[in-house]
$ cat work-v6.cif   # mmCIF, C-alpha atoms; chains and numbers go by the auth columns
data_work
#
loop_
_atom_site.group_PDB
_atom_site.id
_atom_site.type_symbol
_atom_site.label_atom_id
_atom_site.label_comp_id
_atom_site.label_asym_id
_atom_site.label_seq_id
_atom_site.Cartn_x
_atom_site.Cartn_y
_atom_site.Cartn_z
_atom_site.B_iso_or_equiv
_atom_site.auth_seq_id
_atom_site.auth_asym_id
ATOM 1 C CA MET A 1 -7.410 -9.355 -23.891 0.00 1 A
ATOM 2 C CA ARG A 2 -4.836 -7.283 -21.989 0.00 2 A
ATOM 3 C CA LEU A 3 -7.280 -4.338 -21.927 0.00 3 A
ATOM 4 C CA ILE A 4 -10.024 -6.516 -20.429 0.00 4 A
ATOM 5 C CA TYR A 5 -7.525 -7.837 -17.896 0.00 5 A
ATOM 6 C CA GLY A 6 -6.543 -4.269 -16.932 0.00 6 A
ATOM 7 C CA ILE A 7 -10.184 -3.198 -16.566 0.00 7 A
ATOM 8 C CA PHE A 8 -10.874 -6.246 -14.403 0.00 8 A
ATOM 9 C CA LEU A 9 -7.917 -5.384 -12.164 0.00 9 A
ATOM 10 C CA PHE A 10 -9.090 -1.769 -11.862 0.00 10 A
ATOM 11 C CA ILE A 11 -12.623 -2.768 -10.850 0.00 11 A
ATOM 12 C CA LEU A 12 -11.327 -5.402 -8.422 0.00 12 A
ATOM 13 C CA GLY A 13 -8.892 -2.916 -6.898 0.00 13 A
ATOM 14 C CA ALA A 14 -11.595 -0.261 -6.519 0.00 14 A
ATOM 15 C CA CYS A 15 -13.822 -2.760 -4.675 0.00 15 A
ATOM 16 C CA PHE A 16 -10.957 -3.698 -2.367 0.00 16 A
ATOM 17 C CA GLY A 17 -10.137 -0.020 -1.814 0.00 17 A
ATOM 18 C CA SER A 18 -13.694 0.643 -0.674 0.00 18 A
ATOM 19 C CA PHE A 19 -13.623 -2.394 1.604 0.00 19 A
ATOM 20 C CA LEU A 20 -10.205 -1.554 3.078 0.00 20 A
ATOM 21 C CA CYS A 21 -11.154 2.051 3.859 0.00 21 A
ATOM 22 C CA CYS A 22 -14.338 0.856 5.549 0.00 22 A
ATOM 23 C CA GLN A 23 -12.403 -1.709 7.571 0.00 23 A
ATOM 24 C CA ALA A 24 -9.791 0.873 8.544 0.00 24 A
ATOM 25 C CA ARG A 25 -12.502 3.144 9.962 0.00 25 A
ATOM 26 C CA ARG A 26 -14.195 0.224 11.711 0.00 26 A
ATOM 27 C CA GLN A 27 -10.903 -0.943 13.211 0.00 27 A
ATOM 28 C CA HIS A 28 -10.124 2.533 14.500 0.00 28 A
ATOM 29 C CA LEU A 29 -13.600 2.966 15.987 0.00 29 A
ATOM 30 C CA LYS A 30 -13.288 -0.459 17.595 0.00 30 A
ATOM 31 C CA GLU A 31 -9.911 0.393 19.105 0.00 31 A
ATOM 32 C CA THR A 32 -11.028 3.790 20.375 0.00 32 A
ATOM 33 C CA LYS A 33 -14.465 2.454 21.390 0.00 33 A
ATOM 34 C CA SER A 34 -15.900 5.778 20.237 0.00 34 A
ATOM 35 C CA LYS A 35 -18.931 4.375 18.446 0.00 35 A
ATOM 36 C CA LYS A 36 -20.964 1.179 18.281 0.00 36 A
ATOM 37 C CA LEU A 37 -20.212 -0.738 15.111 0.00 37 A
ATOM 38 C CA GLY A 38 -22.793 -2.286 12.848 0.00 38 A
ATOM 39 C CA ASN A 39 -22.538 -4.869 10.106 0.00 39 A
ATOM 40 C CA ARG A 40 -23.676 -2.558 7.315 0.00 40 A
ATOM 41 C CA SER A 41 -22.165 0.648 5.954 0.00 41 A
ATOM 42 C CA VAL A 42 -23.653 3.809 7.434 0.00 42 A
ATOM 43 C CA CYS A 43 -23.092 7.540 7.064 0.00 43 A
ATOM 44 C CA LEU A 44 -20.657 8.637 9.761 0.00 44 A
ATOM 45 C CA HIS A 45 -22.672 11.850 10.212 0.00 45 A
ATOM 46 C CA CYS A 46 -26.347 10.823 10.286 0.00 46 A
ATOM 47 C CA ASN A 47 -25.861 7.053 10.896 0.00 47 A
ATOM 48 C CA LYS A 48 -28.287 6.302 8.061 0.00 48 A
ATOM 49 C CA GLN A 49 -27.748 2.852 6.582 0.00 49 A
ATOM 50 C CA LEU A 50 -26.488 3.181 3.026 0.00 50 A
ATOM 51 C CA LYS A 51 -28.110 1.369 0.120 0.00 51 A
ATOM 52 C CA TRP A 52 -26.102 -0.881 -2.162 0.00 52 A
ATOM 53 C CA TYR A 53 -26.181 1.688 -4.962 0.00 53 A
ATOM 54 C CA ASP A 54 -24.559 4.221 -2.637 0.00 54 A
ATOM 55 C CA ASN A 55 -21.636 1.854 -2.088 0.00 55 A
ATOM 56 C CA LEU A 56 -20.481 1.424 -5.675 0.00 56 A
ATOM 57 C CA PRO A 57 -16.746 2.162 -5.648 0.00 57 A
ATOM 58 C CA ILE A 58 -15.769 5.474 -7.273 0.00 58 A
ATOM 59 C CA ILE A 59 -19.064 5.735 -9.205 0.00 59 A
ATOM 60 C CA SER A 60 -21.307 6.420 -6.186 0.00 60 A
ATOM 61 C CA TRP A 61 -18.933 9.061 -4.805 0.00 61 A
ATOM 62 C CA LEU A 62 -18.887 10.880 -8.145 0.00 62 A
ATOM 63 C CA LEU A 63 -22.658 10.651 -8.688 0.00 63 A
ATOM 64 C CA LEU A 64 -23.377 11.916 -5.177 0.00 64 A
ATOM 65 C CA ARG A 65 -20.667 14.598 -5.579 0.00 65 A
ATOM 66 C CA GLY A 66 -19.008 13.480 -2.393 0.00 66 A
ATOM 67 C CA LYS A 67 -22.124 13.986 -0.222 0.00 67 A
ATOM 68 C CA CYS A 68 -24.429 11.731 1.758 0.00 68 A
ATOM 69 C CA ARG A 69 -27.724 11.136 -0.060 0.00 69 A
ATOM 70 C CA TYR A 70 -29.680 11.662 3.161 0.00 70 A
ATOM 71 C CA CYS A 71 -28.058 14.420 5.211 0.00 71 A
ATOM 72 C CA GLN A 72 -26.116 16.056 2.347 0.00 72 A
ATOM 73 C CA ARG A 73 -23.016 16.368 4.490 0.00 73 A
ATOM 74 C CA LYS A 74 -19.676 15.717 2.814 0.00 74 A
ATOM 75 C CA ILE A 75 -18.401 12.173 2.592 0.00 75 A
ATOM 76 C CA GLY A 76 -14.701 12.048 3.333 0.00 76 A
ATOM 77 C CA VAL A 77 -12.495 12.245 0.276 0.00 77 A
ATOM 78 C CA ALA A 78 -10.456 9.426 1.838 0.00 78 A
ATOM 79 C CA GLU A 79 -12.966 6.868 0.514 0.00 79 A
ATOM 80 C CA PHE A 80 -12.637 8.130 -3.046 0.00 80 A
ATOM 81 C CA VAL A 81 -8.837 8.378 -2.882 0.00 81 A
ATOM 82 C CA SER A 82 -8.582 4.887 -1.354 0.00 82 A
ATOM 83 C CA GLU A 83 -10.706 3.368 -4.115 0.00 83 A
ATOM 84 C CA VAL A 84 -8.829 5.074 -6.953 0.00 84 A
ATOM 85 C CA CYS A 85 -5.358 4.431 -5.516 0.00 85 A
ATOM 86 C CA THR A 86 -6.045 0.770 -4.702 0.00 86 A
ATOM 87 C CA ALA A 87 -7.502 0.294 -8.197 0.00 87 A
ATOM 88 C CA LEU A 88 -4.329 1.754 -9.716 0.00 88 A
ATOM 89 C CA ALA A 89 -2.190 -0.372 -7.372 0.00 89 A
ATOM 90 C CA PHE A 90 -3.903 -3.549 -8.609 0.00 90 A
ATOM 91 C CA VAL A 91 -3.467 -2.521 -12.250 0.00 91 A
ATOM 92 C CA LEU A 92 0.222 -1.679 -11.810 0.00 92 A
ATOM 93 C CA THR A 93 0.832 -4.899 -9.865 0.00 93 A
ATOM 94 C CA GLY A 94 -0.722 -7.242 -12.378 0.00 94 A
ATOM 95 C CA ILE A 95 -0.545 -5.553 -15.763 0.00 95 A
ATOM 96 C CA ASN A 96 2.965 -6.803 -16.604 0.00 96 A
ATOM 97 C CA PHE A 97 2.099 -10.410 -15.806 0.00 97 A
ATOM 98 C CA ASP A 98 1.474 -12.736 -18.735 0.00 98 A
ATOM 99 C CA ILE A 99 -1.927 -14.233 -17.916 0.00 99 A
ATOM 100 C CA PHE A 100 -1.242 -17.028 -20.403 0.00 100 A
ATOM 101 C CA ASN A 101 1.856 -18.067 -18.442 0.00 101 A
ATOM 102 C CA PRO A 102 1.383 -21.769 -17.604 0.00 102 A
ATOM 103 C CA ASP A 103 4.028 -21.770 -14.848 0.00 103 A
ATOM 104 C CA PRO A 104 2.234 -22.579 -11.546 0.00 104 A
ATOM 105 C CA LEU A 105 5.011 -21.007 -9.448 0.00 105 A
ATOM 106 C CA SER A 106 4.636 -17.673 -11.263 0.00 106 A
ATOM 107 C CA TRP A 107 0.896 -17.720 -10.576 0.00 107 A
ATOM 108 C CA ILE A 108 1.518 -18.469 -6.901 0.00 108 A
ATOM 109 C CA ILE A 109 3.937 -15.539 -6.657 0.00 109 A
ATOM 110 C CA LEU A 110 1.398 -13.261 -8.373 0.00 110 A
ATOM 111 C CA ILE A 111 -1.432 -14.245 -6.009 0.00 111 A
ATOM 112 C CA ILE A 112 0.726 -13.819 -2.906 0.00 112 A
ATOM 113 C CA THR A 113 1.932 -10.466 -4.233 0.00 113 A
ATOM 114 C CA PHE A 114 -1.671 -9.302 -4.648 0.00 114 A
ATOM 115 C CA VAL A 115 -2.406 -10.304 -1.051 0.00 115 A
ATOM 116 C CA PHE A 116 0.720 -8.416 0.029 0.00 116 A
ATOM 117 C CA VAL A 117 -0.310 -5.323 -1.957 0.00 117 A
ATOM 118 C CA THR A 118 -3.783 -5.473 -0.399 0.00 118 A
ATOM 119 C CA ILE A 119 -2.256 -5.478 3.088 0.00 119 A
ATOM 120 C CA LEU A 120 0.036 -2.594 2.129 0.00 120 A
ATOM 121 C CA CYS A 121 -2.946 -0.616 0.853 0.00 121 A
ATOM 122 C CA PHE A 122 -4.720 -1.147 4.166 0.00 122 A
ATOM 123 C CA LEU A 123 -1.643 0.103 6.019 0.00 123 A
ATOM 124 C CA ALA A 124 -1.402 3.139 3.724 0.00 124 A
ATOM 125 C CA ILE A 125 -5.072 3.978 4.263 0.00 125 A
ATOM 126 C CA TYR A 126 -4.900 3.502 8.030 0.00 126 A
ATOM 127 C CA ASP A 127 -1.706 5.522 8.351 0.00 127 A
ATOM 128 C CA GLY A 128 -3.101 8.269 6.128 0.00 128 A
ATOM 129 C CA LEU A 129 -6.285 8.510 8.203 0.00 129 A
ATOM 130 C CA TYR A 130 -4.965 8.064 11.726 0.00 130 A
ATOM 131 C CA GLY A 131 -1.172 8.287 11.625 0.00 131 A
ATOM 132 C CA GLU A 132 -0.760 4.744 12.920 0.00 132 A
ATOM 133 C CA LEU A 133 0.365 1.379 11.560 0.00 133 A
ATOM 134 C CA PRO A 134 -1.399 -1.534 13.313 0.00 134 A
ATOM 135 C CA SER A 135 1.164 -4.020 14.644 0.00 135 A
ATOM 136 C CA ILE A 136 -0.718 -7.177 13.672 0.00 136 A
ATOM 137 C CA VAL A 137 -1.054 -5.992 10.064 0.00 137 A
ATOM 138 C CA LEU A 138 2.641 -5.058 9.951 0.00 138 A
ATOM 139 C CA ILE A 139 3.529 -8.571 11.117 0.00 139 A
ATOM 140 C CA SER A 140 1.345 -10.011 8.352 0.00 140 A
ATOM 141 C CA ALA A 141 3.155 -7.816 5.819 0.00 141 A
ATOM 142 C CA ILE A 142 6.547 -9.041 7.050 0.00 142 A
ATOM 143 C CA ILE A 143 5.493 -12.697 6.833 0.00 143 A
ATOM 144 C CA LEU A 144 4.118 -12.309 3.320 0.00 144 A
ATOM 145 C CA SER A 145 7.178 -10.400 2.129 0.00 145 A
ATOM 146 C CA VAL A 146 9.452 -13.230 3.322 0.00 146 A
ATOM 147 C CA ILE A 147 7.226 -15.756 1.535 0.00 147 A
ATOM 148 C CA ILE A 148 7.456 -13.686 -1.668 0.00 148 A
ATOM 149 C CA LEU A 149 11.234 -13.536 -1.295 0.00 149 A
ATOM 150 C CA VAL A 150 11.515 -17.297 -0.815 0.00 150 A
ATOM 151 C CA PHE A 151 9.287 -18.104 -3.796 0.00 151 A
ATOM 152 C CA ASN A 152 11.174 -15.668 -6.020 0.00 152 A
ATOM 153 C CA GLU A 153 14.496 -17.228 -5.042 0.00 153 A
ATOM 154 C CA VAL A 154 13.134 -20.725 -5.662 0.00 154 A
ATOM 155 C CA ASN A 155 11.923 -19.529 -9.054 0.00 155 A
ATOM 156 C CA TYR A 156 15.390 -18.128 -9.767 0.00 156 A
ATOM 157 C CA LEU A 157 17.149 -21.346 -8.698 0.00 157 A
ATOM 158 C CA ALA A 158 14.930 -23.347 -11.039 0.00 158 A
ATOM 159 C CA LEU A 159 16.608 -21.585 -13.958 0.00 159 A
ATOM 160 C CA HIS A 160 20.023 -20.542 -12.611 0.00 160 A
ATOM 161 C CA PRO A 161 22.769 -21.933 -10.339 0.00 161 A
ATOM 162 C CA PHE A 162 23.070 -20.697 -6.782 0.00 162 A
ATOM 163 C CA SER A 163 24.560 -17.235 -6.404 0.00 163 A
ATOM 164 C CA LEU A 164 25.541 -15.175 -3.366 0.00 164 A
ATOM 165 C CA ASP A 165 23.326 -12.440 -4.840 0.00 165 A
ATOM 166 C CA LEU A 166 20.410 -14.369 -3.353 0.00 166 A
ATOM 167 C CA VAL A 167 21.822 -13.612 0.102 0.00 167 A
ATOM 168 C CA TRP A 168 23.433 -10.192 0.031 0.00 168 A
ATOM 169 C CA LYS A 169 20.860 -8.416 -2.149 0.00 169 A
ATOM 170 C CA PRO A 170 17.905 -8.936 0.248 0.00 170 A
ATOM 171 C CA VAL A 171 20.135 -8.054 3.218 0.00 171 A
ATOM 172 C CA LEU A 172 21.314 -4.808 1.605 0.00 172 A
ATOM 173 C CA SER A 173 17.758 -3.959 0.550 0.00 173 A
ATOM 174 C CA ALA A 174 16.605 -4.524 4.125 0.00 174 A
ATOM 175 C CA PHE A 175 19.247 -2.107 5.406 0.00 175 A
ATOM 176 C CA ILE A 176 18.355 0.549 2.810 0.00 176 A
ATOM 177 C CA LEU A 177 14.640 0.598 3.553 0.00 177 A
ATOM 178 C CA GLY A 178 14.357 -0.881 7.022 0.00 178 A
ATOM 179 C CA GLY A 179 17.710 -0.136 8.613 0.00 179 A
ATOM 180 C CA LEU A 180 17.919 3.544 7.657 0.00 180 A
ATOM 181 C CA TYR A 181 14.428 4.251 8.968 0.00 181 A
ATOM 182 C CA LEU A 182 15.221 2.335 12.145 0.00 182 A
ATOM 183 C CA ILE A 183 18.334 4.480 12.673 0.00 183 A
ATOM 184 C CA LEU A 184 16.277 7.653 12.105 0.00 184 A
ATOM 185 C CA TYR A 185 13.650 6.423 14.548 0.00 185 A
ATOM 186 C CA VAL A 186 16.212 5.646 17.266 0.00 186 A
ATOM 187 C CA VAL A 187 18.232 8.851 16.784 0.00 187 A
ATOM 188 C CA SER A 188 15.176 11.116 16.719 0.00 188 A
ATOM 189 C CA LYS A 189 13.335 9.126 19.406 0.00 189 A
ATOM 190 C CA GLY A 190 10.321 8.865 17.103 0.00 190 A
ATOM 191 C CA ARG A 191 10.177 12.523 16.068 0.00 191 A
ATOM 192 C CA TRP A 192 11.284 12.045 12.443 0.00 192 A
ATOM 193 C CA VAL A 193 9.698 8.687 11.626 0.00 193 A
ATOM 194 C CA GLY A 194 7.220 6.455 13.409 0.00 194 A
ATOM 195 C CA ASP A 195 8.023 3.149 15.050 0.00 195 A
ATOM 196 C CA GLY A 196 6.136 1.265 12.334 0.00 196 A
ATOM 197 C CA ASP A 197 7.781 2.953 9.352 0.00 197 A
ATOM 198 C CA TRP A 198 10.970 0.917 9.561 0.00 198 A
ATOM 199 C CA ILE A 199 8.984 -2.328 9.797 0.00 199 A
ATOM 200 C CA LEU A 200 6.930 -1.326 6.761 0.00 200 A
ATOM 201 C CA GLY A 201 10.150 -0.443 4.938 0.00 201 A
ATOM 202 C CA LEU A 202 11.635 -3.810 5.901 0.00 202 A
ATOM 203 C CA SER A 203 8.648 -5.713 4.499 0.00 203 A
ATOM 204 C CA ILE A 204 8.830 -3.778 1.234 0.00 204 A
ATOM 205 C CA ALA A 205 12.579 -4.440 1.040 0.00 205 A
ATOM 206 C CA MET A 206 12.061 -8.188 1.423 0.00 206 A
ATOM 207 C CA ALA A 207 9.390 -8.232 -1.265 0.00 207 A
ATOM 208 C CA ILE A 208 11.437 -6.169 -3.718 0.00 208 A
ATOM 209 C CA HIS A 209 14.803 -7.816 -2.759 0.00 209 A
ATOM 210 C CA GLU A 210 16.905 -5.632 -5.065 0.00 210 A
ATOM 211 C CA PRO A 211 19.132 -2.880 -3.588 0.00 211 A
ATOM 212 C CA LEU A 212 18.717 -0.605 -6.626 0.00 212 A
ATOM 213 C CA LEU A 213 14.946 -0.889 -6.456 0.00 213 A
ATOM 214 C CA ALA A 214 15.062 -0.299 -2.692 0.00 214 A
ATOM 215 C CA LEU A 215 17.002 2.910 -3.346 0.00 215 A
ATOM 216 C CA PHE A 216 14.408 4.009 -5.888 0.00 216 A
ATOM 217 C CA VAL A 217 11.607 3.319 -3.388 0.00 217 A
ATOM 218 C CA LEU A 218 13.462 5.306 -0.722 0.00 218 A
ATOM 219 C CA PHE A 219 14.033 8.214 -3.132 0.00 219 A
ATOM 220 C CA VAL A 220 10.503 8.321 -4.556 0.00 220 A
ATOM 221 C CA ALA A 221 8.809 7.994 -1.147 0.00 221 A
ATOM 222 C CA ASN A 222 10.823 10.760 0.476 0.00 222 A
ATOM 223 C CA LEU A 223 10.638 13.033 -2.581 0.00 223 A
ATOM 224 C CA ALA A 224 6.848 12.710 -2.651 0.00 224 A
ATOM 225 C CA ALA A 225 6.658 13.380 1.102 0.00 225 A
ATOM 226 C CA CYS A 226 8.831 16.491 0.725 0.00 226 A
ATOM 227 C CA LEU A 227 6.679 17.783 -2.138 0.00 227 A
ATOM 228 C CA VAL A 228 3.559 17.355 -0.032 0.00 228 A
ATOM 229 C CA MET A 229 5.206 19.098 2.904 0.00 229 A
ATOM 230 C CA ALA A 230 6.605 21.998 0.837 0.00 230 A
ATOM 231 C CA PRO A 231 3.431 24.161 0.861 0.00 231 A
ATOM 232 C CA PHE A 232 3.110 23.858 4.639 0.00 232 A
ATOM 233 C CA ILE A 233 6.783 24.691 5.200 0.00 233 A
ATOM 234 C CA LYS A 234 6.479 27.681 2.886 0.00 234 A
ATOM 235 C CA LYS A 235 3.535 29.007 4.892 0.00 235 A
ATOM 236 C CA GLY A 236 5.370 28.424 8.161 0.00 236 A
ATOM 237 C CA HIS A 237 2.939 25.739 9.341 0.00 237 A
ATOM 238 C CA SER A 238 4.077 22.780 11.376 0.00 238 A
ATOM 239 C CA LYS A 239 2.429 19.613 10.100 0.00 239 A
ATOM 240 C CA LYS A 240 3.367 16.020 10.813 0.00 240 A
ATOM 241 C CA ILE A 241 3.441 13.773 7.782 0.00 241 A
ATOM 242 C CA TYR A 242 3.023 10.022 7.781 0.00 242 A
ATOM 243 C CA LEU A 243 5.330 8.015 5.532 0.00 243 A
ATOM 244 C CA GLY A 244 3.156 4.910 5.159 0.00 244 A
ATOM 245 C CA PRO A 245 1.167 6.020 2.082 0.00 245 A
ATOM 246 C CA PHE A 246 4.319 7.322 0.379 0.00 246 A
ATOM 247 C CA LEU A 247 6.297 4.130 1.004 0.00 247 A
ATOM 248 C CA VAL A 248 3.467 1.975 -0.305 0.00 248 A
ATOM 249 C CA GLY A 249 2.899 4.199 -3.338 0.00 249 A
ATOM 250 C CA ALA A 250 6.620 4.234 -4.132 0.00 250 A
ATOM 251 C CA TYR A 251 6.800 0.440 -3.860 0.00 251 A
ATOM 252 C CA ILE A 252 3.856 -0.024 -6.247 0.00 252 A
ATOM 253 C CA LEU A 253 5.308 2.423 -8.758 0.00 253 A
ATOM 254 C CA VAL A 254 8.883 1.108 -8.625 0.00 254 A
ATOM 255 C CA SER A 255 7.928 -2.579 -8.710 0.00 255 A
ATOM 256 C CA SER A 256 5.663 -1.983 -11.728 0.00 256 A
ATOM 257 C CA CYS A 257 8.593 -0.686 -13.771 0.00 257 A
ATOM 258 C CA SER A 258 11.311 -2.780 -12.104 0.00 258 A
ATOM 259 C CA GLY A 259 12.405 -4.345 -15.386 0.00 259 A
ATOM 260 C CA PHE A 260 13.132 -0.966 -16.912 0.00 260 A
ATOM 261 C CA LEU A 261 14.903 0.328 -13.796 0.00 261 A
ATOM 262 C CA LEU A 262 17.113 -2.756 -13.521 0.00 262 A
ATOM 263 C CA SER A 263 18.012 -2.472 -17.201 0.00 263 A
ATOM 264 C CA LEU A 264 19.635 0.880 -16.399 0.00 264 A
ATOM 265 C CA ILE A 265 22.594 -0.873 -14.713 0.00 265 A
#

$ encode --input "work-v6.cif" --output "structure tokens"
Amino acid sequence: MRLIYGIFLFILGACFGSFLCCQARRQHLKETKSKKLGNRSVCLHCNKQLKWYDNLPIISWLLLRGKCRYCQRKIGVAEFVSEVCTALAFVLTGINFDIFNPDPLSWIILIITFVFVTILCFLAIYDGLYGELPSIVLISAIILSVIILVFNEVNYLALHPFSLDLVWKPVLSAFILGGLYLILYVVSKGRWVGDGDWILGLSIAMAIHEPLLALFVLFVANLAACLVMAPFIKKGHSKKIYLGPFLVGAYILVSSCSGFLLSLI
């Protein structure tokens, strides 16, 4: 049953990844007013409307070898990466949840978390493609992260007495992921991190609400960014890197193994 559940999450995530990448491109084209938008998916090179069988997440890209069926020009690898990564994000988010859990509050938290992860994936895709984090989507992420925090604390209080940990842990997490990036943004005047990175970090901190986990997210995100940058630095190239995808990926990875990480202390 768990295997079927994991496969379902992977397929669902791949479908959402395809949709989110498409919407990211549409949103950018709408904002830049560089091209008229249609209601159906088209090739960005030849503007040929794509058939349904050319829009199957992951499968179509592999069968077509990353090329348009009509003009044979390369389809951006971003679509394939978005589908695979969002599929993995859905699996990692839901695989540890007991689907036979009858607790309604746990199900509510899971559903809201999936919505939050979907928004984060959109931000990661958009930032990876265009180096921007749309303000309205960031605000949505903040709102959802606060809702997740509140529901988790209510769930905790249903089983335990009130503790000051419920107050200081989210605050410290917010400083670790949001505050540090805000300081870097102010000090560097936007040269080191973007103005949306600290807001994204803040939303992740609220959702994860554990200082140790926030530290792990900070470490993993920056380590991954440094590893990606290393080849360019070695060759003497100057390349700007966007932290959004790394922050989101680190959050997904850390939150999926949060039980193990917290058991280390």

$ residues_near_point --input "work-v6.cif" --point "(-5.6, -0.3, 8.1)" --cutoff "6 Å" --atoms "only C-alpha atoms" --output "PyMOL selection string"
chain A and resi 24+122-123+125-126

$ closest_residue --input "work-v6.cif" --among "A:Pro211, A:Pro231, A:Gly201, A:Gly194" --to "Ser173 of chain A" --atoms "only C-alpha atoms"
A:Pro211

$ closest_residue --input "work-v6.cif" --among "A:Ile7, A:Val81, A:Ala124, A:Leu262" --to "Gly66 of chain A" --atoms "only C-alpha atoms"
A:Val81

$ resolve_selection --input "work-v6.cif" --expression "the PyMOL selection byres ((chain A and resi 89-104) around 7)" --output "list of chain:residue names"
A:Gly6, A:Leu9, A:Phe10, A:Gly13, A:Cys85, A:Thr86, A:Ala87, A:Leu88, A:Leu105, A:Ser106, A:Trp107, A:Ile108, A:Ile252, A:Ser256

$ residues_around --input "work-v6.cif" --residues "Leu243 of chain A" --least-positions-apart "3" --cutoff "10 Å" --atoms "all atoms listed in the file" --output "PyMOL selection string"
chain A and resi 124+127-128+131+192-194+196-198+200-201+221-222+224-225+240+246-249

$ resolve_selection --input "work-v6.cif" --expression "the PyMOL selection byres ((chain A and resi 212) around 12)" --output "PyMOL selection string"
chain A and resi 169-170+172-174+176-177+205+208-211+213-219+254-255+258-265

$ atom_distance --input "work-v6.cif" --atom1 "atom CA of Leu62 of chain A" --atom2 "atom CA of Arg2 of chain A"
26.8 Å

$ atom_distance --input "work-v6.cif" --atom1 "atom CA of Ile59 of chain A" --atom2 "atom CA of Lys30 of chain A"
28.1 Å

$ closest_residue --input "work-v6.cif" --among "A:Val77, A:Ile148, A:Ile143, A:Ile119" --to "Leu20 of chain A" --atoms "only C-alpha atoms"
A:Ile119

$ atom_distance --input "work-v6.cif" --atom1 "atom CA of Cys71 of chain A" --atom2 "atom CA of Asn55 of chain A"
15.9 Å

$ resolve_selection --input "work-v6.cif" --expression "the PyMOL selection byres ((chain A and resi 14) around 6)" --output "tab-separated table (two decimals) with C-alpha atoms, in the coordinates of the input"
chain	number	residue	atom	x	y	z
A	11	ILE	CA	-12.62	-2.77	-10.85
A	12	LEU	CA	-11.33	-5.40	-8.42
A	13	GLY	CA	-8.89	-2.92	-6.90
A	15	CYS	CA	-13.82	-2.76	-4.68
A	16	PHE	CA	-10.96	-3.70	-2.37
A	17	GLY	CA	-10.14	-0.02	-1.81
A	57	PRO	CA	-16.75	2.16	-5.65
A	83	GLU	CA	-10.71	3.37	-4.12
A	86	THR	CA	-6.04	0.77	-4.70
A	87	ALA	CA	-7.50	0.29	-8.20

$ closest_residue --input "work-v6.cif" --among "A:Ser163, A:Tyr242, A:Leu63, A:Leu144" --to "Met206 of chain A" --atoms "only C-alpha atoms"
A:Leu144

$ closest_residue --input "work-v6.cif" --among "A:Ala250, A:Val154, A:Ile58, A:Val146" --to "Ala207 of chain A" --atoms "all atoms listed in the file"
A:Val146
